[in-house]
Structures are given as structure tokens and as C-alpha cells.
Amino acid sequence: MTETSGKLRYVPTTCPYCGVGCGLNLVVNDGKLVGVEPLKRSPINEGKLCPKGVTCWEFVQSPDRLTKPLIKKNGKFEEATWDEAYDLIASKFKETSEKYGPKSLGFQVSCRTPNEECYIMQKLARVAFKTNNIDNCARICHGPSVAGLSLSFGSGAATNPFEDVLNADVIFMIGANTIEAHPLAGRRIVQAKKAGKKIVVCDPRYTPTARLADEWVRYNPSTNIALINSIMYWIIQENLHDKEFIEKRTSGFDELKKTVEKYAEVESITGVPTERVKEIARIYANANNAVIIYCLGITELSTGTDNVRSLGNLAMLTGNVGRPGVGVNPLRGQNNVQGACDMGAYPNVFSGYQKCEDDATRKRMEELWGVTGLASEYGVTLTEQITQCGDPIRAMYIFALNPVVSYPDSNHVMRSLEKLDFLVVQDIFMTETAQYADVILPGASFAEKDGTFTSGERRVNRIRKAVETPGDAKEDWQIFVDLAHKLNLNGFDFNSPEDIWDDMRRVTPSMAGISYERMEKPESVHWPCPTLEHPGTPILHREKFSSADGLGHFFGLEHRPPAEVADAEYPFTLMTGRLIFHYHTRTQTGRAKILHQEVPEAYVQINNEDAARLKIQNGEKIRLRGRRGQAEALARVTDEVAPGVLMMTMHFGGVGSVNQLTNTALDPLSKMPELKHSAVAVEKITGVQ
Amino acid sequence: MVAKGDMVYAWTTSPDIAKVAECGGAVTGLLKYALENKIVDAVLAVKKGVDLYDAVPTIITDPAEIAQTAGSLHCGTLLLSKLIKKYLDGAGEMRLGVTVKGCDAMGLYELAKRNQVNLDNLLMIGVNCGGSVSPVLARKMIREKFGVDPNDVVKEEIDKGQFIIVTKDGQHKGISMDELEEEGFGRRSNCRRCKMKVPRQADLACGNWGVIGDKAGKATFVEVCSEKGANLLDAAVKAGAIASEPANPKGIEIRGKVENAMLKLGDKWRARYFEALGEGKERLQTMMEDSSRCTKCYACIENCPICYCVECSTKKPYLVPPGVLPVPFMFHLIRYAHVADSCVNCGQCEETCPMEIANSLYMHALQVDMERMFGHTPGVDMDLPVLALVEEQAERQRLFETGSDQIYDVFK
């Protein structure tokens with residue numbers, strides 16, 4: 001036994017996975033992580049965790065961690081000192097910026113990094129290089145929520161907290177497999193069900209969440225607008241809409257009413273019989289309090305923003321906004337996808353959604369940051385930056401993202417990254433993307449640094465440092481501070497994440513009141529919270545909407561088919577999905593023993609009838625072929641998907657990467673690529689059983 | 001000199017401890033004495049975290065720090081037994097003083113039967129426990145039923161059938177536990193069914209029940225339960241760290257009555273829960289439906305003080321296919337088969353279940369049935385249940401080498 005062994009220590013922190021923000025204790029013994037124990041004091045999850053949460057400590061001490069800065073020389077990575085790496089990055093970025101201007105640079109930050117790091121990275125990009133080419137991966141999950149809910153309600157965030165579903169009479173879920181994707185928000189649904197609340201789940205798949213439902217509605221993939229318009233048509237037709245709410249608190253109802261008149265019968269589009277639509281309309285509209293919960297089945301489509309706005313329409317039509325038990329809640333996929341957007345790691349806003357194009361805002365930010373010449377234009381978004389690699393973007397900084405696996409059309413991503421003059425990847429593992437880097441910087445995991453994650457209910461949760469980084473790896477906020485000093489920037493004299501947070505509070509009115517001290521108790525604070533005395537805002541839009549005129553806005557929105565639909569050559573509709581056992585590209589969960597054992601490789605759900613026709617056995621490896629590439633996965637033969645529809649796991653790289661098939665077609669308003677809908681053909685792989 | 005079976009009033013002689021401790025502070029005083037005199041290498045106890053709803057286990061090696069763990073927290077629902085196995089090597093090489101509730105002590109006995117903790121290295125100071133309240137529910141209860149901001153509460157206690165709070169401005173407020181529990185507040189469901197209120201498996205069983213007369217509130221009632229316990233108390237008294245006097249016979253009687261009342265209450269709750277569960281196929285149906293929500297987080301296994309296997313059968317692909325939801329019922333059948341005869345009703349499997357499956361209720365119901373059928377009572381002594389007759393790894397090795405499928409080979 002060493003001197004410190006047996007010195008058991010619990011470090012309360014926040015789970016690094018989905019956007020629910022569960023509290024947990026990291027257990028430290030002798031300076032090493034030895035496990036996770038329940039944090040029963042957390043009001044969010046009361047000590048309960050999902051399969052990912054309980055194993056979230058395992059990857060931290062993986063021998064695969066990056067421990068030294070690496071610089072690529074003659075095609076091979078060689079270990080370097082931090083100074084060598086910093087000097088190279090500073091000189092290359094300065095050179096590129098001077099020669100080609102601010103549009104020649106791209107900055108991308110992951111939503112799994114803490115607020116403080118999102119903030120400091122966007123500040124560095126904007127201050128040092130006067131570029132707005134900074135974006136985060138909300139772009140490929142909830143970008144349409146930010147855009148859509150902003151247009152409808154004036155704020156792009158979830159309206160009500162997770163626990164608040166217990167105050168609803170009806171829970172209307174669409175495009176959300178909460179039990180798997182957000183298990184501890186799923187627990188609230190289970191509790192609601194046990195309390196006798198009515199659960200409606202609209203999903204093309206019979207998911208573990210659909211199994212909970214009192215009413216499961218299977219509809220054709222990507223026909224959300226038609227379905228919701230039809231529900232609204234019948235609500236109006238049967239006079240179940242909330243006239244007083246519409247009159248007092250909204251605008252645009254006439255436009256909506258006119259539009260939905262075309263949607264009385266939509267079975268030919270959605271596959272849902274009209275009587276069934278009427279039933280659902282009545283259940284939702286007759287509830288005293290009904291809440292809408294949605295996820296990526298709504299957003300990851302080229303109609304994403306309109307899908308979200310349709311849900312906004314539905315909620316306002318029945319007056320279900322602005323009190324307990326109601327609202328429209330996107331479930332955020334990553335631990336800090338809310339926060340990354342809040343922090344201004346976004347191409348058109350500073351922290352707190354302060355618009356870059358607004359002259360007064362820019363002037364104020366310049367004063368507060370002590371700089372001049374901040375960029376005003378809408379910067380280039382995440383996947384558009386990939387498309388712009390080589391021209392005009394020549395140097396890129398990717399912080400904790402793995403685009404080669406996670407962005408649509410992997411082959412396009414790989415070809416694009418090769419066109420860059422200079423690529424920096426800052427991460428904790430050698431990812432598929434890091435292979436393309438010129439410099440790799442070893443960062444810190446969630447267990448090795450202080451900071452905050454903002455969960456999907458706008459609650460700012462602390463993470464706390466439990467152990468040291470391995471080898472020469474550094475806490476990521478420190479890397480940005482060091483780089484800022486190499487670039488001779490003022491305003492980066494931060495000695496801790498709390499310093500950075502306080503700098504953010506100073507420039508962000510909506511979060512000014514949330515101090516670290518107030519986050520000590522796990523209840524913490526929900527933004528907006530403008531002052532230290534303000535209690536925070538768990539429920540948005542109570543008296544009036546957050547929009548400039550204080551009103552909620554209806555939009556008449558038309559159904560549009562996806563960009564690529566099944567045809568004779570590619571007869572199957574391919575959807576993607578998240579599993580409870582994995583997180584994103586598995587750089588973390590793939591290193592947890594039991595999670596890897598549960599699902600070690602990609603699979604695709606295929607309907608019994610299709611499988612029988614194509615002579616595909618359950619468990620057989622099959623090939624999917626599309627216009628942009630092909631992928632292989634194990635067939636799971638099931639009736640959980642309808643004939644003609646496939647669902648493939650989103651987590652795997654290599655031959656099992658679904659993103660070799662997905663479409664880069666964009667939602668015009670949010671630039672969300674159409675990850676959830678593409679057309680493929682299914683083939684047996686000869687010689688493989 | 002005291003001996004096993006003796007009952008005394010005891011209190012600390014240290015003014016510093018007396019100031020922070022409750023009911024005479026004998027527990028804190030004894031632990032401090034044990035640590036100072038190298039009777040133990042370390043103490044595992046529970047301290048207050050961010051507030052009094054946050055119970056945090058802590059290892060203490062410096063006697064000066066022991067006062068951090070003084071006082072009781074009824075809104076902490078930790079189980080220390082599994083922590084000793086998981087993180088402290090089962091006290092294999094370290095002599096550990098530990099405060100235990102009934103469920104902690106029972107869990108330690110079951111782990112000891114399976115060679116997962118070394119009882120010889122444990123000094124168990126038992127504390128009476130009438131049950132505990134989950135912290136988040138406790139806060140909700142205080143807000144909704146007491147009409148008090150839970151952040152304004154400076155002390156809580158469970159006494160004479162009431163949950164009592166003291167606010168920062170000195171106000172006392174108590175509500176009957178029965179009333180709270182009828183409305184879904186109060187103690188965890190397993191605590192309601194619990195009948196291990198005085199942990200006599202520990203070396204000393206301490207509490208405030210039965211302390212009457214001038215010592216009421218100023219002394220701890222200590223029942224000596226082992227020679228180890230007697231030696232500790234004697235030595236501490238001799239050294240002047242603890243003062244003691246024989247317990248008042250009337251007090252002993254009162255303590256017995258309190259304990260009996262708690263046991264009766266436990267019986268009442270058992271009848272209520274088990275009857276609601278039904279019997280036979282009806283019960284099985286309920287269990288299958290409820291457990292069909294399982295998402296395989298393994299928390300019920302990870303937190304169970306019976307489970308210790310390195311190769312858990314639920315992770316064998318030929319028994320439970322990996323990566324499949326809904327999880328086949330075999331997963332739960334394996335748990336029932338492996339745990340039910342030894343379940344100590346600690347409640348962790350239910351409290352940590354993210355899918356709100358009443359795991360503890362099912363396992364406890366099965367345990368009570370099996371106890372009736374086979375006469376084995378878990379957690380009270382070192383009698384081995386059938387599944388503890390062999391050690392898991394050795395048994396797996398034997399099956400592998402002989403090709404036998406006769407698990408545990410009990411008919412040889």
C-alpha cells in the first residue's frame with residue numbers, strides 16, 4: 001500500500017455524455033480514478049445513471065490517451081514540446097490570416113467541451129483574427145432548434161425543465177427516443193407514466209420510448225410538417241384551439257390557419273389514417289397541460305427549422321407555453337450543446353446570443369474586450385467550413401470534434417481536410433480526424449479540469465477536477481490562454497476556468513448573475529439570470545415571449561419531401577439513430593469495457609418482410625450502398641421499423657460508418673445537413689454468413 | 001469491565017466532541033479513541049457534503065478530523081458495505097473502524113461469507129436506524145409538507161414517529177412519519193420494510209433509544225455485542241476517553257418497546273407491499289412488466305452487497321444477448337437466482353435504478369419467501385447460504401476443467 005491509498009475521495013461532478021446533465025461522484029483513490037458512485041443529492045438524477053454514465057470514468061485513464069503534442073513531419077507524427085507546437089500554430093495562423101484574410105480560417109469546437117473553453121476559443125478567434133468562422137456541432141444536432149424556436153418564441157432554448165413533465169397531463173413526443181438517447185430525462189417520462197399521465201409517441205420506429213407510450217403513432221420518415229399541420233387542422237376544425245392565448249400572445253394565426261387547411265387528409269404523405277390524426281389532435285388539445293418533447297428526428301432534416309417551428313405552432317395553438325407542465329423542449333444531445341451555443345461559439349452571435357451584425361452590440365463587445373474591428377458578417381457554419389476547405393479556408397482549428405466520423409458524407413470530409421494548408425486538432429485521443437492534422441494538441445478529459453456544462457434545461461452544472469491530466473497533456477482552457485499569449489493578445493490573463501467564466505458574465509447580460517458560488521449546490525441556476533439576486537428562469541415565456549415584440553409567431557409552413565428519397569435504384573429510406581450504449585463516435589464509450597461488449601460494431605435494423613425477400617438472416621453482415629458511398633453493418637431483423645425503412649447506428653467509423661451514406665443537403669435556415677434521411681440499396685455480402 | 005450483552009450509557013469526555021456530537025457523542029469518541037490508539041488504521045464514516053441532505057463517505061486517518069463525522073444525517077442513503085469491498089480492498093490489509101446501520105452490517109456479513117471483506121479487520125460501531133429519506137425527496141417534502149425552504153433547515157431528526165426539522169431561526173416543526181409516508185414522502189420503501197433496527201451484528205450497537213433520566217440527550221445507549229466491542233469500550237473508559245454507567249433498567253425496557261414498535265411497523269409495511277405484489281403468476285407478471293423497462297445500466301448489480309462475481313452471468317452472451325433492448329427477462333432471473341436467498345433489503349438496487357423498477361421490493365419479497373421455506377436468514381450471522389459455499393472464480397474454474405454443468409456440486 002502506498003501512502004495515499006485508501007484515501008478515498010468523492011468528487012461531485014457532471015456526466016460528460018448527453019445533455020441531461022446528471023450529477024455523479026468520481027471516486028478517486030491514490031490520485032487515480034477508481035469508479036463512479038451515485039450522487040443522490042443531485043435533483044436532476046437523484047443518483048441514478050444510465051449505462052454510459054456509470055462507466056464514464058473508464059476512458060479517462062485509457063493507455064490510448066494523447067500525452068504529448070505531435071507535429072507532422074514528412075507525413076509522420078513526431079513528439080514536440082508545447083512551445084514548438086504553439087509557435088508553429090501561432091505563426092501559421094498569423095501568416096494565413098495576413099495573407100488571405102479572416103475568411104481563410106475556420107474554428108470548430110465540440111459541444112462536449114466546457115463553457116469556459118467554448119467561450120475562450122470563440123473569443124480568441126474573434127479577437128485575434130477578426131473572423132466569425134467559429135461554429136460548434138449543435139449545427140448537426142439542434143441548430144434547427146436554435147433557429148426555429150428563436151423565430152417562433154424569441155429564444156432558441158428549451159422552454160421547461162425535464163422534471164416539469166410531471167406537471168403535464170399529456171406528454172407529446174416526436175422524433176425522440178428519449179429512453180435511449182437521454183435516459184434520465186426518459187426516467188421522468190417513466191415517472192409520469194406511473195403517475196397516470198398520458199404518453200403520445202410519434203416515431204417511425206417502435207423504440208424503447210414508443211414501448212412506454214399509451215399512443216404510439218408510426219408515420220413515414222420525414223413527414224413531420226404534414227403530420228403536425230394535419231393535427232393542427234383538426235384542432236381548429238373541432239374548435240379546440242385556445243382563442244384567448246392566440247389573440248393575446250401571438251401573431252400570424254391567420255397565415256397558419258390558411259396553410260393547414262390543405263392538410264385535412266395526409267395519409268398519402270404520412271401513412272397515418274385521418275381518424276388517428278384526429279384522435280391525437282383531441283388528446284393533445286384537450287389536455288389542461290401538454291408538453292412537447294422532440295429530438296433529432298425533427299431537426300436532422302433539410303426541413304429541420306420548419307419542423308421545429310411547426311411544433312412551436314402546435315404549442316401556441318393550444319396555449320401550451322409559459323407555465324408548468326407545458327412548453328416545447330428539444331432534448332440536447334451533448335453535455336454542453338446548450339452551453340456551446342450560449343457561449344457564442346456560433347458564427348453570428350457573441351455569448352448570450354448577442355448578434356454580431358448589430359453595430360451597438362459589436363461596439364459594446366469591442367469596449368468590453370478592449371479590441372477594435374470585430375467581424376460583423378455571418379460566419380461560415382460547421383459543415384460549410386468543410387466544404388470551403390482549400391478555398392477560401394486554408395487553416396483550421398478543430399477542438400474535440402471528429403468530423404471524419406460524425407459529419408455527413410465522410411468521403412467528402414476526408415477529401416476536404418486534405419485540401420487544408422494547416423490543420424490543428426486538439427483532443428484526448430488519436431481520432432480518425434486527428435490523422436489529418438499538422439499539429440495535435442493533447443487536451444484534458446472532463447475529469448481533469450474545472451468548468452461548467454449547461455444542460456438542455458438551461459441549468460449550468462459544475463464539473464470538478466478529480467485527477468491530473470496524463471503525461472504532458474494540458475487542461476484545454478490553459479492551451480488557449482497559452483496560445484493567446486503567443487499571439488500577444490490582451491484580455492486573456494486567466495488563471496482558472498472561473499476567471500474565464502467571470503469574463504463571460506461581464507459581457508453577457510443573460511448570464512451575469514450565475515456565479516460559481518451559486519453553482520455549488522447541485523440545484524444551481526437556470527439562465528436567463530441577469531443579476532446575483534435573480535433566482536434564474538426554469539420556465540421561459542411566462543408573461544410574454546422572448547421575442548422583440550413579446551409575441552409568439554405562427555408560421556404557415558408547407559410539407560417538403562427530403563432532398564433524396566427512395567427510388568428504384570436506391571429503394572430503402574435510411575434513418576440514423578443513437579444507442580443507449582454509445583456516445584457519438586465512441587472515442588469515449590468504445591473504451592468502456594461493458595459498453596463495447598454490448599455493441600461492438602455497427603448494425604442496421606431492417607423489417608422482417610424486407611429481410612425475408614432479400615434472404616437476409618438476423619445477425620448477418622450486409623452492405624448498404626448509396627449515391628455517396630457504402631457501408632457494412634450487421635442486420636437486425638425486426639418489426640421495429642416498417643418495410644422499406646432502415647435504421648443504422650450513428651456511432652461507428654470505418655466500414656460501419658453510416659455517414660458514408662448520409663446526405664449533405666442543407667436546411668436553408670439553419671444549415672443542418674439531412675443526416676436522418678437518405679436513400680440506399682441493400683445487398684447481401686457474398687461469402688459472408 | 002463490560003462483556004457481550006451488557007448495556008450501558010456512555011458519553012465522550014472530550015468537550016470538543018460533545019459540542020458537535022449528538023446524544024453524548026460516544027460513537028465519535030470511541031472512533032477517535034480507536035484511531036488515536038492504533039486499534040484501527042482508518043475510520044470510514046459519513047460526513048456532511050454541500051448541505052445536510054448530502055451524505056459523503058470519508059476516510060479519516062487523522063484523529064483530529066473525526067469530529068467532521070459527528071451527528072447523524074437521515075437524508076443520506078449510502079451503503080458502506082459495498083464501498084469497503086470496491087474501494088478499500090475489503091479491509092484486506094487495513095484495520096478499519098466503520099459506523100454501520102443495519103443494512104451496512106448485514107451487507108458486510110454477506111460479503112464476508114463470500115470472502116470479499118475481512119471482518120477481522122473491521123471494527124463495526126453499529127447505530128440504530130429507523131430508516132432514511134432520499135435527499136431530493138426530503139427537500140421536496142420539507143418544501144411541500146413543512147412549508148419551509150429546505151435550505152433554511154439546520155437540523156433534521158426522526159424521533160417518536162415524527163420527522164422533525166429545526167430551521168435557522170430556531171423553529172422546530174414535526175410531522176408524523178405515517179402521515180408523510182401515506183403521501184409518498186418519508187423513508188425509502190426498503191426502510192419501511194426493514195426489521196434490522198438495532199444492528200447487533202456490529203461490535204457495539206449504539207443509539208439514543210432508552211436513554212432516560214438526567215442522561216437523556218446527554219448519553220448514548222450502548223449494547224455490547226462482541227468481545228471486540230467490549231474490549232474497545234473498556235479500554236476507552238479506562239483511558240478516560242469515554243465515561244459510562246450501567247443503563248437504567250427502565251431505559252432498557254423503553255428501548256425494547258421502541259424497537260418492538262419499529263419491528264411491528266416493519267411487519268405492517270411488509271404485509272402491505274407484499275400483498276399488493278400478489279402471488280404466483282400474478283406476481284411474476286408484475287415483475288416481468290416492470291423490469292421490461294430495464295436499460296442494462298447494471299446499477300442493481302454494481303451497488304448490490306451480495307454481488308461480487310468477477311464474471312457476472314448477466315454479461316455472458318449465451319445467457320443474455322448483448323446490446324439488446326428490451327433486456328430479456330433472463331437478466332433479472334439471474335439476479336433473483338443469485339441474490340434472493342441473501343438479499344438484505346438495503347434498497348440500493350431500487351434507489352439507483354434509472355428506470356424506476358421496484359427491484360428491491362421484488363428481491364426482498366423473494367427473500368422473505370425463501371426464508372420461510374428454507375429457514376436461512378441473511379445478514380445476521382456467518383451461516384452460509386448455498387450460493388456462498390464456493391468462491392465464484394474457483395467454481396467457474398472447476399466447471400471449466402470438469403466440463404460439469406452441476407453448479408455448486410451440492411449433491412456430491
# chains A, B, ... in the order shown; residues from 1 in each chain; ligands from 1

call {"tool": "select_by_dssp", "arguments": {"residues": "range 82-269 of chain B", "states": "alpha helix (DSSP H)", "output": "PyMOL selection string"}}
result
chain B and resi 82-87+102-113+135-144+177-182+189-193+227-238+249-269

call {"tool": "interface_residues", "arguments": {"of": "chain A", "to": "chain B", "cutoff": "7 Å", "atoms": "only C-alpha atoms", "output": "number ranges by chain"}}
result
A: 6-9, 40-41, 43, 46-51, 184, 187, 190, 208, 521, 597-599

call {"tool": "atom_distance", "arguments": {"atom1": "CA of Ser313 in chain B", "atom2": "CA of Thr585 in chain A"}}
result
28.7 Å

call {"tool": "residues_around", "arguments": {"residues": "Arg396 in chain B", "least_positions_apart": "2", "cutoff": "12 Å", "atoms": "only C-alpha atoms", "output": "PyMOL selection string"}}
result
chain B and resi 309-313+390-394+398-409

call {"tool": "write_last_selection", "arguments": {"atoms": "C-alpha atoms", "output": "CSV table (one decimal), in the first residue's frame"}}
result
chain,number,residue,atom,x,y,z
B,309,CYS,CA,-18.6,-12.0,-9.2
B,310,VAL,CA,-15.8,-11.1,-11.5
B,311,GLU,CA,-17.6,-12.7,-14.4
B,312,CYS,CA,-21.2,-11.8,-13.9
B,313,SER,CA,-23.5,-14.2,-15.6
B,390,VAL,CA,-18.0,-21.9,-3.2
B,391,GLU,CA,-16.0,-18.9,-4.4
B,392,GLU,CA,-17.1,-17.7,-7.9
B,393,GLN,CA,-13.7,-17.9,-9.7
B,394,ALA,CA,-12.8,-21.3,-8.2
B,398,ARG,CA,-13.9,-26.3,-11.7
B,399,LEU,CA,-16.8,-26.2,-14.2
B,400,PHE,CA,-14.4,-25.4,-17.0
B,401,GLU,CA,-12.0,-28.2,-16.0
B,402,THR,CA,-14.5,-30.9,-15.4
B,403,GLY,CA,-17.0,-30.0,-18.1
B,404,SER,CA,-19.7,-30.4,-15.5
B,405,ASP,CA,-22.8,-28.3,-15.5
B,406,GLN,CA,-23.6,-29.2,-11.9
B,407,ILE,CA,-23.2,-25.8,-10.5
B,408,TYR,CA,-22.0,-25.7,-6.9
B,409,ASP,CA,-21.9,-29.5,-6.8

call {"tool": "atom_distance", "arguments": {"atom1": "CA of Leu314 in chain A", "atom2": "CA of Val272 in chain A"}}
result
17.9 Å

call {"tool": "select_by_dssp", "arguments": {"residues": "range 101-215 of chain A", "states": "strand (DSSP E)", "output": "PyMOL selection string"}}
result
chain A and resi 105-109+134-136+170-174+198-202+215

call {"tool": "write_last_selection", "arguments": {"atoms": "C-alpha atoms", "output": "PDB file, in the first residue's frame"}}
result
ATOM      1  CA  LEU A 105      -9.574  30.469 -41.164  1.00  0.00           C
ATOM      2  CA  GLY A 106     -12.037  28.035 -39.628  1.00  0.00           C
ATOM      3  CA  PHE A 107     -12.619  27.251 -35.949  1.00  0.00           C
ATOM      4  CA  GLN A 108     -14.728  24.353 -34.795  1.00  0.00           C
ATOM      5  CA  VAL A 109     -15.499  23.472 -31.199  1.00  0.00           C
ATOM      6  CA  ILE A 134     -16.462  29.775 -35.496  1.00  0.00           C
ATOM      7  CA  ASP A 135     -19.092  27.124 -35.026  1.00  0.00           C
ATOM      8  CA  ASN A 136     -19.945  24.163 -32.854  1.00  0.00           C
ATOM      9  CA  VAL A 170     -50.179  14.772 -21.791  1.00  0.00           C
ATOM     10  CA  ILE A 171     -46.615  14.291 -22.976  1.00  0.00           C
ATOM     11  CA  PHE A 172     -46.355  14.540 -26.744  1.00  0.00           C
ATOM     12  CA  MET A 173     -43.065  13.172 -28.033  1.00  0.00           C
ATOM     13  CA  ILE A 174     -41.993  13.244 -31.646  1.00  0.00           C
ATOM     14  CA  LYS A 198     -50.824  10.140 -20.998  1.00  0.00           C
ATOM     15  CA  ILE A 199     -47.815   9.496 -23.238  1.00  0.00           C
ATOM     16  CA  VAL A 200     -48.046  10.004 -27.009  1.00  0.00           C
ATOM     17  CA  VAL A 201     -45.028   8.997 -29.080  1.00  0.00           C
ATOM     18  CA  CYS A 202     -44.847   9.731 -32.804  1.00  0.00           C
ATOM     19  CA  GLU A 215     -50.461   6.068 -28.039  1.00  0.00           C
TER      20      GLU A 215
END
